[in-house]
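Engineer: Supplied in structure tokens, the structure appears directly below.
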Amino acid sequence: ANSSPGSFQYMEKLYGETKGLEKILEFYEKELKGKEILFVNSIKNWENNPSFKYNYNYWKRKLDKKCYKFIMPNTKKEQFDKFKKYYDKLEEKPFLITPFIKIKKWLWENKYNTAFNPLPVIDITIDKTILYKNLKPNKFFKIPKTTICQTKNEIIKLMNKPEFKKIVIKPKSGQDGKDVYIINSIRQLKKLDIENKEWIVQEKIKSKKHKFHNCDIRSFAIAGKYTGSFLRLLPHNFSKVLTKSKRTKMPKKYEEKIKLATEEVVRQINKML
């Protein structure tokens, strides 16, 4: 999870509670000892990111005056200079939360106290090539055959191999299923308008369906411990994963397996740091 994980809002809609944010709040009360929390974002990200607003409003309800925000008009150098002047004037220095990688990088490089996932963690989790190279298959989860291609022609050539007859392609960085494509034939790929850039290409694996829907899993861990998950149902006959797909509760019969796999992923990521 990022320091401002967007899918928490769906946990509340599905289950009536958000254990992940509750666990973060417990950490705040125990480790940060009541320090103020300052949310930092750009106006564009603030307006286009309802997930961030949800997380901010959650903290605001819980902490009231101990939680506030600083919204930048943009992320140009002069705006960071303004933030520095604003921050330096504060008598009590708050911990900072931001979902924006560019802001998080600047804060980290300038040695500000950022609450929760620091930049080194984000550098690993945002770049899928690092994850796939370093995650090791084990008794809790498997990893599909994975490679990197730079052009559509490279992907077409790869699809002539038996293990890549059907594939999933995704950008090396991204989130929530954006620009993830499921390709069942070379003909389908040729019709697809994709730019030449670094693409992660994986063999398409067979997966169980939920009420006749293909689905993927959104799972959460706080401090290395599983706090919940849900299924994202994908439309029938889809070729592109949609970020606005329907969400539904995780069937209880899968909970233990998801818990063990999630915690093992976190354990392996911690070893990469």
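Chains: A, B, ... in order of the structure tokens. Residues: from 1 per chain. Ligands: from 1, in order shown.
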Set the distance at 10 Å and use only C-alpha atoms: which residues neighbour Asn45 (chain A) once local chain neighbours fewer than 4 positions away are removed? I'd like the list as a ChimeraX atom specification.

Structural biologist: /A:41,49-50,52-53,71-74,99-100

Engineer: Show me, as JSON, numbers by chain, the residues that have an atom within 9 Å of region 127-139 of chain A when counting only C-alpha atoms, minus same-chain residues fewer than 5 positions from it.

Structural biologist: {"A": [122, 146, 147, 148, 171, 172, 173, 174, 200, 261, 264, 265, 268, 269, 272]}

Engineer: With N, CA, C and O atoms retained, export the selected residues as a short mmCIF file (atom, residue, chain, number, x, y, z; two decimals), in the first residue's frame.

Structural biologist:
```cif
data_model
loop_
_atom_site.label_atom_id
_atom_site.label_comp_id
_atom_site.auth_asym_id
_atom_site.auth_seq_id
_atom_site.Cartn_x
_atom_site.Cartn_y
_atom_site.Cartn_z
N ILE A 122 8.44 3.11 -2.07
CA ILE A 122 7.68 3.48 -3.26
C ILE A 122 8.47 3.16 -4.52
O ILE A 122 7.92 2.70 -5.51
N THR A 146 7.60 -13.83 -17.07
CA THR A 146 7.59 -12.38 -17.27
C THR A 146 8.82 -11.93 -18.04
O THR A 146 9.91 -12.42 -17.80
N THR A 147 8.63 -10.99 -18.95
CA THR A 147 9.76 -10.40 -19.68
C THR A 147 9.44 -8.95 -20.00
O THR A 147 8.34 -8.47 -19.72
N ILE A 148 10.40 -8.26 -20.58
CA ILE A 148 10.25 -6.85 -20.92
C ILE A 148 10.37 -6.68 -22.43
O ILE A 148 11.27 -7.25 -23.06
N PRO A 171 2.30 -1.37 -18.30
CA PRO A 171 3.46 -0.48 -18.19
C PRO A 171 4.28 -0.83 -16.96
O PRO A 171 3.78 -1.44 -16.00
N LYS A 172 5.55 -0.46 -16.96
CA LYS A 172 6.43 -0.81 -15.85
C LYS A 172 6.02 -0.11 -14.56
O LYS A 172 6.30 -0.60 -13.47
N SER A 173 5.36 1.04 -14.69
CA SER A 173 4.87 1.72 -13.50
C SER A 173 3.42 2.12 -13.74
O SER A 173 3.01 2.38 -14.86
N GLY A 174 2.65 2.13 -12.69
CA GLY A 174 1.23 2.46 -12.80
C GLY A 174 0.48 1.85 -11.65
O GLY A 174 1.04 1.16 -10.80
N ILE A 200 5.85 -4.48 -19.61
CA ILE A 200 5.99 -5.79 -18.96
C ILE A 200 5.03 -6.75 -19.65
O ILE A 200 3.85 -6.44 -19.80
N ALA A 261 -0.45 -15.00 1.45
CA ALA A 261 0.26 -14.50 0.27
C ALA A 261 0.62 -13.03 0.44
O ALA A 261 1.75 -12.61 0.11
N GLU A 264 3.51 -12.56 2.85
CA GLU A 264 4.76 -13.03 2.28
C GLU A 264 5.31 -12.01 1.28
O GLU A 264 6.52 -11.78 1.23
N VAL A 265 4.45 -11.38 0.49
CA VAL A 265 4.89 -10.32 -0.42
C VAL A 265 5.54 -9.19 0.36
O VAL A 265 6.63 -8.71 0.01
N GLN A 268 8.97 -10.13 1.63
CA GLN A 268 10.01 -10.12 0.59
C GLN A 268 10.38 -8.68 0.19
O GLN A 268 11.55 -8.38 -0.07
N ILE A 269 9.39 -7.78 0.13
CA ILE A 269 9.68 -6.38 -0.19
C ILE A 269 10.58 -5.77 0.88
O ILE A 269 11.54 -5.05 0.57
N MET A 272 14.12 -6.38 0.32
CA MET A 272 14.72 -5.65 -0.80
C MET A 272 15.27 -4.29 -0.37
O MET A 272 16.07 -3.68 -1.08
#
```

Engineer: Which residues in region 136-264 of chain A does DSSP call strand (DSSP E or B)? List them as a ChimeraX atom specification.

Structural biologist: /A:146-149,167-171,173,181-183,199-203,210,213,215-222,225-233,240,246-249

Engineer: Do you have the CA of Lys23 (chain A)-CA of Ser219 (chain A) distance handy?

Structural biologist: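 Those two atoms sit 14.5 Å apart.
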
Engineer: Could you please determine the separation between CA of Ile156 (chain A) and CA of Val180 (chain A) in Å, to one decimal place?

Structural biologist: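 According to the coordinates, CA of Ile156 (chain A) and CA of Val180 (chain A) are separated by 16.6 Å.
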
Engineer: With only C-alpha atoms as the atoms that count, which of A:Lys178, A:Lys84, A:Arg247, A:Arg187 lies nearest to Lys111 (chain A)?

Structural biologist: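 Using only C-alpha atoms, the shortest distance to Lys111 (chain A) belongs to A:Lys84.
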
Engineer: As an MDAnalysis selection string, please: the residues near Val201 (chain A) (cut-off 12 Å, only C-alpha atoms, same-chain neighbours under 3 positions excluded).

Structural biologist: chainID A and resid 128:129 132 144:152 154:159 163:172 180:183 197:198 204

Engineer: With N, CA, C and O atoms retained, write the just-selected residues as a CSV table (one decimal), in the first residue's frame.

Structural biologist:
```csv
chain,number,residue,atom,x,y,z
A,128,LYS,N,7.2,-2.1,-11.5
A,128,LYS,CA,6.9,-3.6,-11.5
A,128,LYS,C,8.1,-4.4,-12.0
A,128,LYS,O,8.1,-5.6,-11.6
A,129,THR,N,9.0,-3.8,-12.7
A,129,THR,CA,10.2,-4.6,-13.2
A,129,THR,C,11.0,-5.0,-12.0
A,129,THR,O,11.5,-6.1,-11.9
A,132,TYR,N,9.0,-7.9,-10.1
A,132,TYR,CA,9.0,-9.2,-10.7
A,132,TYR,C,10.4,-9.8,-10.7
A,132,TYR,O,10.5,-11.0,-10.7
A,144,PRO,N,3.9,-15.6,-12.8
A,144,PRO,CA,3.8,-16.0,-14.2
A,144,PRO,C,5.2,-15.6,-14.9
A,144,PRO,O,5.9,-14.8,-14.5
A,145,LYS,N,5.4,-16.3,-16.0
A,145,LYS,CA,6.6,-16.0,-16.8
A,145,LYS,C,6.5,-14.6,-17.2
A,145,LYS,O,5.5,-14.1,-17.7
A,146,THR,N,7.6,-13.8,-17.1
A,146,THR,CA,7.6,-12.4,-17.3
A,146,THR,C,8.8,-11.9,-18.0
A,146,THR,O,9.9,-12.4,-17.8
A,147,THR,N,8.6,-11.0,-19.0
A,147,THR,CA,9.8,-10.4,-19.7
A,147,THR,C,9.4,-8.9,-20.0
A,147,THR,O,8.3,-8.5,-19.7
A,148,ILE,N,10.4,-8.3,-20.6
A,148,ILE,CA,10.2,-6.8,-20.9
A,148,ILE,C,10.4,-6.7,-22.4
A,148,ILE,O,11.3,-7.3,-23.1
A,149,CYS,N,9.5,-5.9,-23.0
A,149,CYS,CA,9.5,-5.6,-24.5
A,149,CYS,C,9.5,-4.0,-24.6
A,149,CYS,O,8.8,-3.4,-23.8
A,150,GLN,N,10.1,-3.6,-25.7
A,150,GLN,CA,10.1,-2.1,-25.9
A,150,GLN,C,9.2,-1.7,-27.0
A,150,GLN,O,8.8,-0.5,-27.0
A,151,THR,N,8.8,-2.6,-27.9
A,151,THR,CA,8.0,-2.2,-29.0
A,151,THR,C,6.9,-3.3,-29.3
A,151,THR,O,7.0,-4.4,-28.8
A,152,LYS,N,5.9,-2.9,-30.0
A,152,LYS,CA,4.8,-3.8,-30.4
A,152,LYS,C,5.4,-5.0,-31.2
A,152,LYS,O,5.0,-6.1,-31.0
A,154,GLU,N,8.4,-6.3,-30.9
A,154,GLU,CA,9.0,-7.3,-30.0
A,154,GLU,C,8.0,-8.2,-29.3
A,154,GLU,O,8.2,-9.4,-29.1
A,155,ILE,N,6.8,-7.6,-29.0
A,155,ILE,CA,5.8,-8.4,-28.3
A,155,ILE,C,5.2,-9.4,-29.3
A,155,ILE,O,4.9,-10.6,-28.9
A,156,ILE,N,5.0,-9.0,-30.6
A,156,ILE,CA,4.5,-9.9,-31.6
A,156,ILE,C,5.5,-11.1,-31.7
A,156,ILE,O,5.1,-12.3,-31.8
A,157,LYS,N,6.8,-10.8,-31.8
A,157,LYS,CA,7.8,-11.9,-31.9
A,157,LYS,C,7.7,-12.8,-30.7
A,157,LYS,O,7.8,-14.0,-30.8
A,158,LEU,N,7.5,-12.2,-29.5
A,158,LEU,CA,7.4,-13.0,-28.3
A,158,LEU,C,6.2,-14.0,-28.3
A,158,LEU,O,6.3,-15.1,-27.8
A,159,MET,N,5.1,-13.5,-28.9
A,159,MET,CA,3.9,-14.3,-28.9
A,159,MET,C,3.9,-15.5,-29.8
A,159,MET,O,3.0,-16.4,-29.8
A,163,GLU,N,4.7,-20.4,-24.7
A,163,GLU,CA,4.3,-20.0,-23.4
A,163,GLU,C,3.7,-18.6,-23.4
A,163,GLU,O,3.2,-18.1,-22.4
A,164,PHE,N,3.8,-17.8,-24.5
A,164,PHE,CA,3.3,-16.5,-24.6
A,164,PHE,C,2.3,-16.3,-25.7
A,164,PHE,O,2.1,-15.3,-26.3
A,165,LYS,N,1.6,-17.4,-26.0
A,165,LYS,CA,0.5,-17.4,-27.0
A,165,LYS,C,-0.6,-16.4,-26.6
A,165,LYS,O,-1.2,-15.7,-27.4
A,166,LYS,N,-0.9,-16.4,-25.3
A,166,LYS,CA,-1.8,-15.4,-24.7
A,166,LYS,C,-1.1,-14.7,-23.6
A,166,LYS,O,-0.4,-15.3,-22.8
A,167,ILE,N,-1.3,-13.4,-23.6
A,167,ILE,CA,-0.4,-12.6,-22.7
A,167,ILE,C,-1.2,-11.5,-22.0
A,167,ILE,O,-2.4,-11.2,-22.4
A,168,VAL,N,-0.6,-10.9,-21.0
A,168,VAL,CA,-1.0,-9.7,-20.3
A,168,VAL,C,0.1,-8.7,-20.5
A,168,VAL,O,1.3,-9.0,-20.2
A,169,ILE,N,-0.2,-7.5,-20.9
A,169,ILE,CA,0.9,-6.5,-21.0
A,169,ILE,C,0.5,-5.3,-20.1
A,169,ILE,O,-0.7,-5.0,-19.9
A,170,LYS,N,1.5,-4.7,-19.5
A,170,LYS,CA,1.2,-3.6,-18.6
A,170,LYS,C,2.5,-2.7,-18.6
A,170,LYS,O,3.6,-3.1,-18.8
A,171,PRO,N,2.3,-1.4,-18.3
A,171,PRO,CA,3.5,-0.5,-18.2
A,171,PRO,C,4.3,-0.8,-17.0
A,171,PRO,O,3.8,-1.4,-16.0
A,172,LYS,N,5.6,-0.5,-17.0
A,172,LYS,CA,6.4,-0.8,-15.8
A,172,LYS,C,6.0,-0.1,-14.6
A,172,LYS,O,6.3,-0.6,-13.5
A,180,VAL,N,-3.5,-1.7,-18.6
A,180,VAL,CA,-3.2,-3.2,-18.5
A,180,VAL,C,-4.1,-3.8,-19.6
A,180,VAL,O,-5.3,-3.6,-19.6
A,181,TYR,N,-3.5,-4.6,-20.5
A,181,TYR,CA,-4.3,-5.2,-21.6
A,181,TYR,C,-4.1,-6.7,-21.5
A,181,TYR,O,-3.1,-7.3,-21.2
A,182,ILE,N,-5.2,-7.4,-21.9
A,182,ILE,CA,-5.2,-8.9,-22.0
A,182,ILE,C,-5.3,-9.2,-23.5
A,182,ILE,O,-6.3,-8.8,-24.2
A,183,ILE,N,-4.3,-9.9,-24.0
A,183,ILE,CA,-4.1,-10.1,-25.4
A,183,ILE,C,-4.2,-11.6,-25.7
A,183,ILE,O,-3.4,-12.4,-25.2
A,197,LYS,N,7.2,1.8,-25.7
A,197,LYS,CA,7.9,2.1,-24.4
A,197,LYS,C,8.1,0.8,-23.7
A,197,LYS,O,7.9,-0.3,-24.2
A,198,GLU,N,8.6,0.9,-22.5
A,198,GLU,CA,8.9,-0.4,-21.8
A,198,GLU,C,7.6,-1.0,-21.3
A,198,GLU,O,7.0,-0.5,-20.4
A,204,LYS,N,-0.4,-15.3,-19.9
A,204,LYS,CA,-1.8,-15.2,-19.3
A,204,LYS,C,-2.1,-16.5,-18.6
A,204,LYS,O,-1.9,-17.6,-19.2
```

Engineer: Between A:Glu17, A:Glu12, A:Glu263, A:Glu47, which residue has the minimum interatomic distance to Phe140 (chain A), considering only C-alpha atoms?

Structural biologist: A:Glu263

Engineer: Identify, on the basis of only C-alpha atoms, every residue whose closest approach to Leu38 (chain A) does not exceed 12 Å; exclude the query and any residue fewer than 3 positions from it along the same chain; express the result as a PyMOL selection string.

Structural biologist: chain A and resi 35+41+56+59-60+63-71+83+86-87+90+92-98+112-115

Engineer: For those residues, write N, CA and C atoms to a file as a PDB file, in the first residue's frame.

Structural biologist:
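Wrote selection-v9.pdb, looks like this:
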```
ATOM      1  N   LYS A  35       1.460  13.813  17.190  1.00  0.00           N
ATOM      2  CA  LYS A  35       1.956  14.892  16.328  1.00  0.00           C
ATOM      3  C   LYS A  35       0.903  15.258  15.288  1.00  0.00           C
ATOM      4  N   ASN A  41      -0.294  18.053  -1.370  1.00  0.00           N
ATOM      5  CA  ASN A  41      -0.661  17.586  -2.697  1.00  0.00           C
ATOM      6  C   ASN A  41      -0.685  18.766  -3.668  1.00  0.00           C
ATOM      7  N   TYR A  56      -7.939  11.835   3.414  1.00  0.00           N
ATOM      8  CA  TYR A  56      -7.789  13.072   4.176  1.00  0.00           C
ATOM      9  C   TYR A  56      -9.001  13.298   5.079  1.00  0.00           C
ATOM     10  N   TRP A  59      -8.908  11.085   8.176  1.00  0.00           N
ATOM     11  CA  TRP A  59      -7.993  11.593   9.199  1.00  0.00           C
ATOM     12  C   TRP A  59      -8.552  12.853   9.843  1.00  0.00           C
ATOM     13  N   LYS A  60      -9.177  13.694   9.056  1.00  0.00           N
ATOM     14  CA  LYS A  60      -9.714  14.944   9.586  1.00  0.00           C
ATOM     15  C   LYS A  60     -10.816  14.656  10.605  1.00  0.00           C
ATOM     16  N   LEU A  63      -8.875  13.273  13.763  1.00  0.00           N
ATOM     17  CA  LEU A  63      -7.877  14.104  14.445  1.00  0.00           C
ATOM     18  C   LEU A  63      -8.264  15.573  14.555  1.00  0.00           C
ATOM     19  N   ASP A  64      -9.279  15.990  13.792  1.00  0.00           N
ATOM     20  CA  ASP A  64      -9.773  17.356  13.824  1.00  0.00           C
ATOM     21  C   ASP A  64      -8.646  18.356  13.541  1.00  0.00           C
ATOM     22  N   LYS A  65      -8.333  19.223  14.486  1.00  0.00           N
ATOM     23  CA  LYS A  65      -7.380  20.298  14.240  1.00  0.00           C
ATOM     24  C   LYS A  65      -5.942  19.800  14.095  1.00  0.00           C
ATOM     25  N   LYS A  66      -5.692  18.558  14.472  1.00  0.00           N
ATOM     26  CA  LYS A  66      -4.344  18.012  14.327  1.00  0.00           C
ATOM     27  C   LYS A  66      -4.065  17.536  12.904  1.00  0.00           C
ATOM     28  N   CYS A  67      -5.040  17.689  12.027  1.00  0.00           N
ATOM     29  CA  CYS A  67      -4.883  17.266  10.635  1.00  0.00           C
ATOM     30  C   CYS A  67      -5.277  18.420   9.718  1.00  0.00           C
ATOM     31  N   TYR A  68      -4.413  18.788   8.796  1.00  0.00           N
ATOM     32  CA  TYR A  68      -4.726  19.860   7.860  1.00  0.00           C
ATOM     33  C   TYR A  68      -3.971  19.601   6.560  1.00  0.00           C
ATOM     34  N   LYS A  69      -4.166  20.455   5.556  1.00  0.00           N
ATOM     35  CA  LYS A  69      -3.580  20.183   4.240  1.00  0.00           C
ATOM     36  C   LYS A  69      -2.906  21.420   3.661  1.00  0.00           C
ATOM     37  N   PHE A  70      -1.966  21.150   2.749  1.00  0.00           N
ATOM     38  CA  PHE A  70      -1.276  22.198   1.990  1.00  0.00           C
ATOM     39  C   PHE A  70      -1.372  21.797   0.524  1.00  0.00           C
ATOM     40  N   ILE A  71      -2.097  22.581  -0.291  1.00  0.00           N
ATOM     41  CA  ILE A  71      -2.318  22.246  -1.695  1.00  0.00           C
ATOM     42  C   ILE A  71      -1.524  23.205  -2.572  1.00  0.00           C
ATOM     43  N   PHE A  83       6.402  26.155  -0.022  1.00  0.00           N
ATOM     44  CA  PHE A  83       6.096  25.160   1.008  1.00  0.00           C
ATOM     45  C   PHE A  83       7.158  25.184   2.097  1.00  0.00           C
ATOM     46  N   TYR A  86       6.578  28.058   4.377  1.00  0.00           N
ATOM     47  CA  TYR A  86       5.388  27.777   5.195  1.00  0.00           C
ATOM     48  C   TYR A  86       5.728  26.794   6.316  1.00  0.00           C
ATOM     49  N   TYR A  87       6.436  25.735   5.969  1.00  0.00           N
ATOM     50  CA  TYR A  87       6.773  24.685   6.938  1.00  0.00           C
ATOM     51  C   TYR A  87       7.727  25.219   8.007  1.00  0.00           C
ATOM     52  N   LEU A  90       6.138  26.956  10.982  1.00  0.00           N
ATOM     53  CA  LEU A  90       5.312  26.194  11.906  1.00  0.00           C
ATOM     54  C   LEU A  90       6.073  25.909  13.196  1.00  0.00           C
ATOM     55  N   GLU A  92       5.187  23.710  15.662  1.00  0.00           N
ATOM     56  CA  GLU A  92       5.254  22.257  15.803  1.00  0.00           C
ATOM     57  C   GLU A  92       5.366  21.646  14.415  1.00  0.00           C
ATOM     58  N   LYS A  93       6.426  20.904  14.169  1.00  0.00           N
ATOM     59  CA  LYS A  93       6.654  20.332  12.846  1.00  0.00           C
ATOM     60  C   LYS A  93       5.826  19.054  12.678  1.00  0.00           C
ATOM     61  N   PRO A  94       4.874  19.068  11.749  1.00  0.00           N
ATOM     62  CA  PRO A  94       4.005  17.900  11.566  1.00  0.00           C
ATOM     63  C   PRO A  94       4.691  16.809  10.742  1.00  0.00           C
ATOM     64  N   PHE A  95       4.150  15.600  10.823  1.00  0.00           N
ATOM     65  CA  PHE A  95       4.524  14.555   9.880  1.00  0.00           C
ATOM     66  C   PHE A  95       3.721  14.780   8.605  1.00  0.00           C
ATOM     67  N   LEU A  96       4.315  14.406   7.492  1.00  0.00           N
ATOM     68  CA  LEU A  96       3.731  14.725   6.187  1.00  0.00           C
ATOM     69  C   LEU A  96       3.232  13.471   5.479  1.00  0.00           C
ATOM     70  N   ILE A  97       2.102  13.596   4.801  1.00  0.00           N
ATOM     71  CA  ILE A  97       1.545  12.520   3.994  1.00  0.00           C
ATOM     72  C   ILE A  97       1.279  13.056   2.595  1.00  0.00           C
ATOM     73  N   THR A  98       1.715  12.323   1.586  1.00  0.00           N
ATOM     74  CA  THR A  98       1.413  12.699   0.207  1.00  0.00           C
ATOM     75  C   THR A  98       1.325  11.446  -0.655  1.00  0.00           C
ATOM     76  N   TYR A 112      12.532  15.788   5.069  1.00  0.00           N
ATOM     77  CA  TYR A 112      11.326  16.074   5.831  1.00  0.00           C
ATOM     78  C   TYR A 112      10.784  14.781   6.432  1.00  0.00           C
ATOM     79  N   ASN A 113      10.043  14.911   7.533  1.00  0.00           N
ATOM     80  CA  ASN A 113       9.466  13.743   8.193  1.00  0.00           C
ATOM     81  C   ASN A 113       8.189  13.299   7.477  1.00  0.00           C
ATOM     82  N   THR A 114       8.310  12.323   6.614  1.00  0.00           N
ATOM     83  CA  THR A 114       7.138  11.809   5.905  1.00  0.00           C
ATOM     84  C   THR A 114       6.593  10.598   6.642  1.00  0.00           C
ATOM     85  N   ALA A 115       5.300  10.634   6.938  1.00  0.00           N
ATOM     86  CA  ALA A 115       4.683   9.523   7.663  1.00  0.00           C
ATOM     87  C   ALA A 115       4.430   8.366   6.705  1.00  0.00           C
TER      88      ALA A 115
END
```

Engineer: By how many Å are CA of Glu109 (chain A) and CA of Phe220 (chain A) apart?

Structural biologist: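 Atom-to-atom, CA of Glu109 (chain A) to CA of Phe220 (chain A), that is 27.2 Å.
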
Engineer: Which is closer to Ile37 (chain A) than all the others in A:Asn153, A:Asp88, A:Leu14, A:Lys62, using only C-alpha atoms?

Structural biologist: A:Lys62

Engineer: Which residues are near region 231-235 of chain A? Cut-off 9 Å, only C-alpha atoms, ignore same chain within fewer than 2 positions. Put them as a PyMOL selection string.

Structural biologist: chain A and resi 209-210+213-219+229+237-238+241-242+245-251

Engineer: List every residue of region 25-235 of chain A that DSSP, applied to the backbone of this structure, places in helix (DSSP H, G or I), and write the result as a PyMOL selection string.

Structural biologist: chain A and resi 25-32+43-48+50-66+77-89+101-109+119-126+128-134+152-158+162-164+186-191

Engineer: Kindly indicate which residue among A:Ile101, A:Trp106, A:Val40, A:Leu189 lies nearest to Thr125 (chain A), using only C-alpha atoms for the distances.

Structural biologist: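 Closest to Thr125 (chain A), using only C-alpha atoms: A:Ile101.
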